[in-house]
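S.K.: Contents are mmCIF, C-alpha atoms; file name structure-v4.cif:
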data_target
#
loop_
_atom_site.group_PDB
_atom_site.id
_atom_site.type_symbol
_atom_site.label_atom_id
_atom_site.label_comp_id
_atom_site.auth_asym_id
_atom_site.auth_seq_id
_atom_site.Cartn_x
_atom_site.Cartn_y
_atom_site.Cartn_z
ATOM 1 C CA LYS L 9 -28.384 30.977 50.151
ATOM 2 C CA LYS L 10 -29.907 34.415 50.490
ATOM 3 C CA GLY L 11 -33.547 34.865 49.660
ATOM 4 C CA VAL L 12 -36.810 33.221 50.586
ATOM 5 C CA THR L 13 -37.305 29.478 50.733
ATOM 6 C CA THR L 14 -40.360 27.407 51.537
ATOM 7 C CA ILE L 15 -40.306 24.479 53.958
ATOM 8 C CA THR L 16 -43.155 21.984 53.703
ATOM 9 C CA LEU L 17 -43.852 19.530 56.557
ATOM 10 C CA THR L 18 -45.385 16.352 55.167
ATOM 11 C CA SER L 19 -46.479 13.100 56.847
ATOM 12 C CA LYS L 20 -44.359 10.128 55.770
ATOM 13 C CA LYS L 21 -47.306 7.776 56.252
ATOM 14 C CA THR L 22 -50.170 9.635 54.593
ATOM 15 C CA GLY L 23 -48.460 12.303 52.523
ATOM 16 C CA ASN L 24 -50.642 14.962 54.163
ATOM 17 C CA VAL L 25 -49.149 18.428 54.335
ATOM 18 C CA TYR L 26 -49.137 19.707 57.930
ATOM 19 C CA ALA L 27 -47.546 23.084 57.382
ATOM 20 C CA THR L 28 -45.906 25.274 54.783
ATOM 21 C CA ILE L 29 -43.463 27.817 56.168
ATOM 22 C CA ASN L 30 -41.819 30.671 54.266
ATOM 23 C CA VAL L 31 -38.359 31.392 55.652
ATOM 24 C CA THR L 32 -36.202 34.408 54.829
ATOM 25 C CA VAL L 33 -32.550 33.412 54.565
ATOM 26 C CA LYS L 34 -30.004 36.146 55.233
ATOM 27 C CA ASN L 35 -26.325 36.362 54.474
ATOM 28 C CA ARG L 36 -23.828 35.712 57.256
ATOM 29 C CA TYR L 37 -21.773 38.784 56.336
ATOM 30 C CA ASN L 38 -22.037 42.549 56.000
ATOM 31 C CA LYS L 39 -20.956 44.877 53.168
ATOM 32 C CA LYS L 40 -17.561 45.625 54.738
ATOM 33 C CA GLN L 41 -16.770 41.928 55.075
ATOM 34 C CA LEU L 42 -17.798 41.232 51.472
ATOM 35 C CA ARG L 43 -15.605 44.114 50.272
ATOM 36 C CA LEU L 44 -12.578 42.916 52.250
ATOM 37 C CA MET L 45 -12.978 39.227 51.354
ATOM 38 C CA SER L 46 -13.516 39.993 47.658
ATOM 39 C CA ALA L 47 -10.399 42.172 47.630
ATOM 40 C CA ILE L 48 -8.132 39.665 49.409
ATOM 41 C CA ILE L 49 -9.323 36.888 47.084
ATOM 42 C CA TYR L 50 -8.584 39.149 44.112
ATOM 43 C CA ALA L 51 -5.138 40.041 45.477
ATOM 44 C CA GLU L 52 -4.237 36.432 46.332
ATOM 45 C CA ALA L 53 -5.964 34.494 43.559
ATOM 46 C CA GLY L 54 -7.192 36.947 40.921
ATOM 47 C CA ALA L 55 -5.556 34.937 38.126
ATOM 48 C CA GLU L 56 -6.798 31.583 39.442
ATOM 49 C CA CYS L 57 -9.944 29.734 38.363
ATOM 50 C CA TYR L 58 -13.139 30.067 40.417
ATOM 51 C CA ALA L 59 -12.278 26.959 42.504
ATOM 52 C CA GLY L 60 -8.937 28.523 43.431
ATOM 53 C CA LYS L 61 -10.562 31.812 44.398
ATOM 54 C CA LYS L 62 -13.177 30.056 46.534
ATOM 55 C CA ALA L 63 -10.541 27.828 48.173
ATOM 56 C CA VAL L 64 -8.575 30.908 49.276
ATOM 57 C CA GLY L 65 -11.736 32.376 50.818
ATOM 58 C CA ILE L 66 -12.492 29.115 52.612
ATOM 59 C CA VAL L 67 -8.998 28.963 54.134
ATOM 60 C CA ILE L 68 -9.397 32.535 55.389
ATOM 61 C CA MET L 69 -12.778 31.734 56.983
ATOM 62 C CA ASN L 70 -11.339 28.559 58.533
ATOM 63 C CA ARG L 71 -8.729 30.762 60.191
ATOM 64 C CA VAL L 72 -11.447 33.092 61.507
ATOM 65 C CA ARG L 73 -13.077 30.041 63.151
ATOM 66 C CA SER L 74 -9.750 28.634 64.445
ATOM 67 C CA SER L 75 -8.513 29.518 67.930
ATOM 68 C CA ALA L 76 -4.977 29.766 66.491
ATOM 69 C CA TYR L 77 -5.816 32.986 64.618
ATOM 70 C CA PRO L 78 -7.698 36.227 65.257
ATOM 71 C CA ASN L 79 -11.469 35.690 65.336
ATOM 72 C CA THR L 80 -12.445 38.371 62.797
ATOM 73 C CA LEU L 81 -12.000 38.553 59.042
ATOM 74 C CA LYS L 82 -10.073 41.811 59.306
ATOM 75 C CA GLY L 83 -7.926 40.379 62.123
ATOM 76 C CA VAL L 84 -6.987 37.310 60.073
ATOM 77 C CA ILE L 85 -6.203 39.241 56.882
ATOM 78 C CA TYR L 86 -4.096 41.881 58.628
ATOM 79 C CA ASP L 87 -2.432 39.399 61.038
ATOM 80 C CA PRO L 88 1.304 40.243 60.830
ATOM 81 C CA GLY L 89 3.251 37.992 58.485
ATOM 82 C CA GLN L 90 0.224 36.150 57.088
ATOM 83 C CA PHE L 91 -0.964 37.731 53.834
ATOM 84 C CA GLY L 92 1.512 39.467 51.530
ATOM 85 C CA PRO L 93 -1.133 41.661 49.850
ATOM 86 C CA ALA L 94 -1.989 43.232 53.233
ATOM 87 C CA ARG L 95 1.650 44.383 53.475
ATOM 88 C CA ASN L 96 2.714 45.084 49.886
ATOM 89 C CA GLY L 97 -0.102 47.383 48.772
ATOM 90 C CA SER L 98 -1.918 44.997 46.422
ATOM 91 C CA LEU L 99 -4.819 44.611 48.874
ATOM 92 C CA LYS L 100 -5.265 48.414 48.931
ATOM 93 C CA LYS L 101 -5.353 48.413 45.110
ATOM 94 C CA ALA L 102 -7.918 45.603 45.120
ATOM 95 C CA LEU L 103 -10.100 47.499 47.621
ATOM 96 C CA LYS L 104 -10.033 50.523 45.283
ATOM 97 C CA LEU L 105 -11.087 48.292 42.359
ATOM 98 C CA TYR L 106 -13.994 47.017 44.461
ATOM 99 C CA ASP L 107 -15.013 50.556 45.389
ATOM 100 C CA LYS L 108 -15.001 51.576 41.694
ATOM 101 C CA GLY L 109 -17.250 48.631 40.801
ATOM 102 C CA LYS L 110 -14.462 46.983 38.810
ATOM 103 C CA MET L 111 -13.945 43.907 40.974
ATOM 104 C CA SER L 112 -14.042 40.500 39.285
ATOM 105 C CA LYS L 113 -17.534 38.982 39.581
ATOM 106 C CA LYS L 114 -15.941 35.587 40.281
ATOM 107 C CA CYS L 115 -13.996 37.054 43.228
ATOM 108 C CA ILE L 116 -17.217 38.472 44.663
ATOM 109 C CA LYS L 117 -19.061 35.176 44.093
ATOM 110 C CA ALA L 118 -16.236 33.244 45.796
ATOM 111 C CA ALA L 119 -16.227 35.717 48.695
ATOM 112 C CA LYS L 120 -19.991 35.343 49.198
ATOM 113 C CA ALA L 121 -19.716 31.539 49.201
ATOM 114 C CA ALA L 122 -16.859 31.500 51.728
ATOM 115 C CA LEU L 123 -18.458 34.121 53.985
ATOM 116 C CA ASN L 124 -21.726 32.165 54.004
ATOM 117 C CA GLY L 125 -19.906 29.056 55.265
ATOM 118 C CA ASP L 126 -19.488 27.001 52.088
ATOM 119 C CA THR L 127 -16.471 24.691 52.522
ATOM 120 C CA MET L 128 -16.789 22.559 49.373
ATOM 121 C CA VAL L 129 -14.621 23.143 46.295
ATOM 122 C CA THR L 130 -14.935 21.310 42.989
ATOM 123 C CA TYR L 131 -11.855 21.259 40.773
ATOM 124 C CA LYS L 132 -11.343 18.936 37.811
ATOM 125 C CA LYS L 133 -14.589 17.115 38.677
ATOM 126 C CA VAL L 134 -13.352 16.283 42.202
ATOM 127 C CA THR L 135 -15.174 17.855 45.162
ATOM 128 C CA THR L 136 -13.163 18.460 48.329
ATOM 129 C CA ASP L 137 -14.403 19.477 51.777
ATOM 130 C CA MET L 138 -11.899 22.144 52.800
ATOM 131 C CA SER L 139 -13.292 22.771 56.298
ATOM 132 C CA SER L 140 -9.984 21.724 57.927
ATOM 133 C CA TYR L 141 -7.589 23.565 55.595
ATOM 134 C CA LEU L 142 -5.642 26.461 57.159
ATOM 135 C CA PHE L 143 -2.805 27.132 54.713
ATOM 136 C CA PHE L 144 -2.257 28.015 51.065
ATOM 137 C CA SER L 145 0.677 29.291 49.060
ATOM 138 C CA GLY L 146 2.621 28.607 45.877
ATOM 139 C CA TYR L 147 4.331 25.834 47.816
ATOM 140 C CA VAL L 148 3.078 24.252 51.048
ATOM 141 C CA SER L 149 4.967 21.386 52.653
ATOM 142 C CA GLY L 150 2.581 18.450 53.042
ATOM 143 C CA LYS L 151 0.003 19.859 50.613
ATOM 144 C CA ARG L 152 -3.330 18.039 50.442
ATOM 145 C CA LEU L 153 -4.726 19.858 47.414
ATOM 146 C CA GLN L 154 -3.353 21.692 44.368
ATOM 147 C CA ILE L 155 -5.509 24.148 42.411
ATOM 148 C CA GLN L 156 -3.604 25.807 39.611
ATOM 149 C CA GLY L 157 -0.835 27.958 41.177
ATOM 150 C CA HIS L 158 -1.809 27.329 44.808
ATOM 151 C CA GLN L 159 -1.230 24.432 47.157
ATOM 152 C CA PHE L 160 -3.512 23.937 50.154
ATOM 153 C CA LYS L 161 -3.145 22.198 53.503
#
Please express what this file holds, its structure, as structure tokens.
M.R.:
Amino acid sequence: KKGVTTITLTSKKTGNVYATINVTVKNRYNKKQLRLMSAIIYAEAGAECYAGKKAVGIVIMNRVRSSAYPNTLKGVIYDPGQFGPARNGSLKKALKLYDKGKMSKKCIKAAKAALNGDTMVTYKKVTTDMSSYLFFSGYVSGKRLQIQGHQFK
């Protein structure tokens, strides 16, 4: 997580503290990436619960890391035939909402988590590691997870 954290090195045998180090933790994304990810999450899963929003972001980031897809966030989102909102205008509308400061806080929170590499989603008290998931839709053949209106594989 972003901010400052303190790491303390302590002896297991004696309990003596050898060093205390302050570390600044930075985000793994820039403002443009946060804007785009927040908007695509809003366009794809704006009506879903937080877990559903975060799961969509995780799938997108998994694609960025996969050799089967473009290796940038923008490349994955605008990859022909992949995301309806990139083609039908709803992503443009979501970007305008973001720019006006009217974006859902939960979409932004989910975008930050996904962009920072979080792959865990908790839904109905069950936590799932989604690091291998590459697909989501209303219906996905061979689904491994269902969160509200989306199935994931």
S.K.: By how many Å are CA of Ala102 in chain L and CA of Gly146 in chain L apart?
M.R.: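 CA of Gly146 in chain L lies 20.0 Å from CA of Ala102 in chain L.
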S.K.: So which residues get picked by the PyMOL selection byres ((chain L and resi 107) around 12) here, written as a list of chain:residue names?
M.R.: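 Expected selection for the PyMOL selection byres ((chain L and resi 107) around 12) here is L:Lys39, L:Lys40, L:Leu42, L:Arg43, L:Leu44, L:Ser46, L:Ala47, L:Lys100, L:Lys101, L:Ala102, L:Leu103, L:Lys104, L:Leu105, L:Tyr106, L:Lys108, L:Gly109, L:Lys110, L:Met111, L:Ser112.
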S.K.: Return the single residue from L:Lys133, L:Leu142, L:Lys117, L:Met128 that is closest to Val84 in chain L, with distances computed using only C-alpha atoms.
M.R.: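 Under the stated criterion, the closest residue is L:Leu142.
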S.K.: Residues picked by the PyMOL selection byres ((chain L and resi 147) around 12) here, as a list in words?
M.R.: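 Matching residues under the PyMOL selection byres ((chain L and resi 147) around 12) are Phe143, Phe144, Ser145, Gly146, Val148, Ser149, Gly150, Lys151, Arg152, Leu153, Gln154, Ile155, Gln156, Gly157, His158, Gln159, Phe160 and Lys161 of chain L.
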S.K.: Just C-alpha atoms for this one: save the residues we selected as a short mmCIF file (atom, residue, chain, number, x, y, z; two decimals), in the frame of the given file.
M.R.:
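File out-v3.cif, as written:
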data_model
loop_
_atom_site.label_atom_id
_atom_site.label_comp_id
_atom_site.auth_asym_id
_atom_site.auth_seq_id
_atom_site.Cartn_x
_atom_site.Cartn_y
_atom_site.Cartn_z
CA PHE L 143 -2.80 27.13 54.71
CA PHE L 144 -2.26 28.02 51.06
CA SER L 145 0.68 29.29 49.06
CA GLY L 146 2.62 28.61 45.88
CA VAL L 148 3.08 24.25 51.05
CA SER L 149 4.97 21.39 52.65
CA GLY L 150 2.58 18.45 53.04
CA LYS L 151 0.00 19.86 50.61
CA ARG L 152 -3.33 18.04 50.44
CA LEU L 153 -4.73 19.86 47.41
CA GLN L 154 -3.35 21.69 44.37
CA ILE L 155 -5.51 24.15 42.41
CA GLN L 156 -3.60 25.81 39.61
CA GLY L 157 -0.84 27.96 41.18
CA HIS L 158 -1.81 27.33 44.81
CA GLN L 159 -1.23 24.43 47.16
CA PHE L 160 -3.51 23.94 50.15
CA LYS L 161 -3.14 22.20 53.50
#
S.K.: Got a sec to resolve the PyMOL selection byres ((chain L and resi 82) around 10) on this structure and send the residues as a CSV table (one decimal) with C-alpha atoms, in the frame of the given file?
M.R.:
chain,number,residue,atom,x,y,z
L,40,LYS,CA,-17.6,45.6,54.7
L,41,GLN,CA,-16.8,41.9,55.1
L,44,LEU,CA,-12.6,42.9,52.2
L,45,MET,CA,-13.0,39.2,51.4
L,72,VAL,CA,-11.4,33.1,61.5
L,78,PRO,CA,-7.7,36.2,65.3
L,79,ASN,CA,-11.5,35.7,65.3
L,80,THR,CA,-12.4,38.4,62.8
L,81,LEU,CA,-12.0,38.6,59.0
L,83,GLY,CA,-7.9,40.4,62.1
L,84,VAL,CA,-7.0,37.3,60.1
L,85,ILE,CA,-6.2,39.2,56.9
L,86,TYR,CA,-4.1,41.9,58.6
L,87,ASP,CA,-2.4,39.4,61.0
S.K.: When you draw a straight line from CA of Tyr50 in chain L to CA of Leu99 in chain L, how long is it in Å?
M.R.: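 Distance reported for this atom pair: 8.2 Å.
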S.K.: Calculate how many Å separate CA of Glu56 in chain L from CA of Arg36 in chain L, rounding to one decimal.
M.R.: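 Going from CA of Glu56 in chain L over to CA of Arg36 in chain L covers 25.0 Å.
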S.K.: Pick the closest to Met138 in chain L from L:Ile49, L:Leu17, L:Ala94, L:Val67: which is it, counting only C-alpha atoms?
M.R.: L:Val67
S.K.: Between L:Gly54, L:Gly23, L:Gly125, L:Gly89, single out the one closest to Ile68 in chain L, counting all atoms listed in the file.
M.R.: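 Among the listed residues, L:Gly125 lies closest to Ile68 in chain L.
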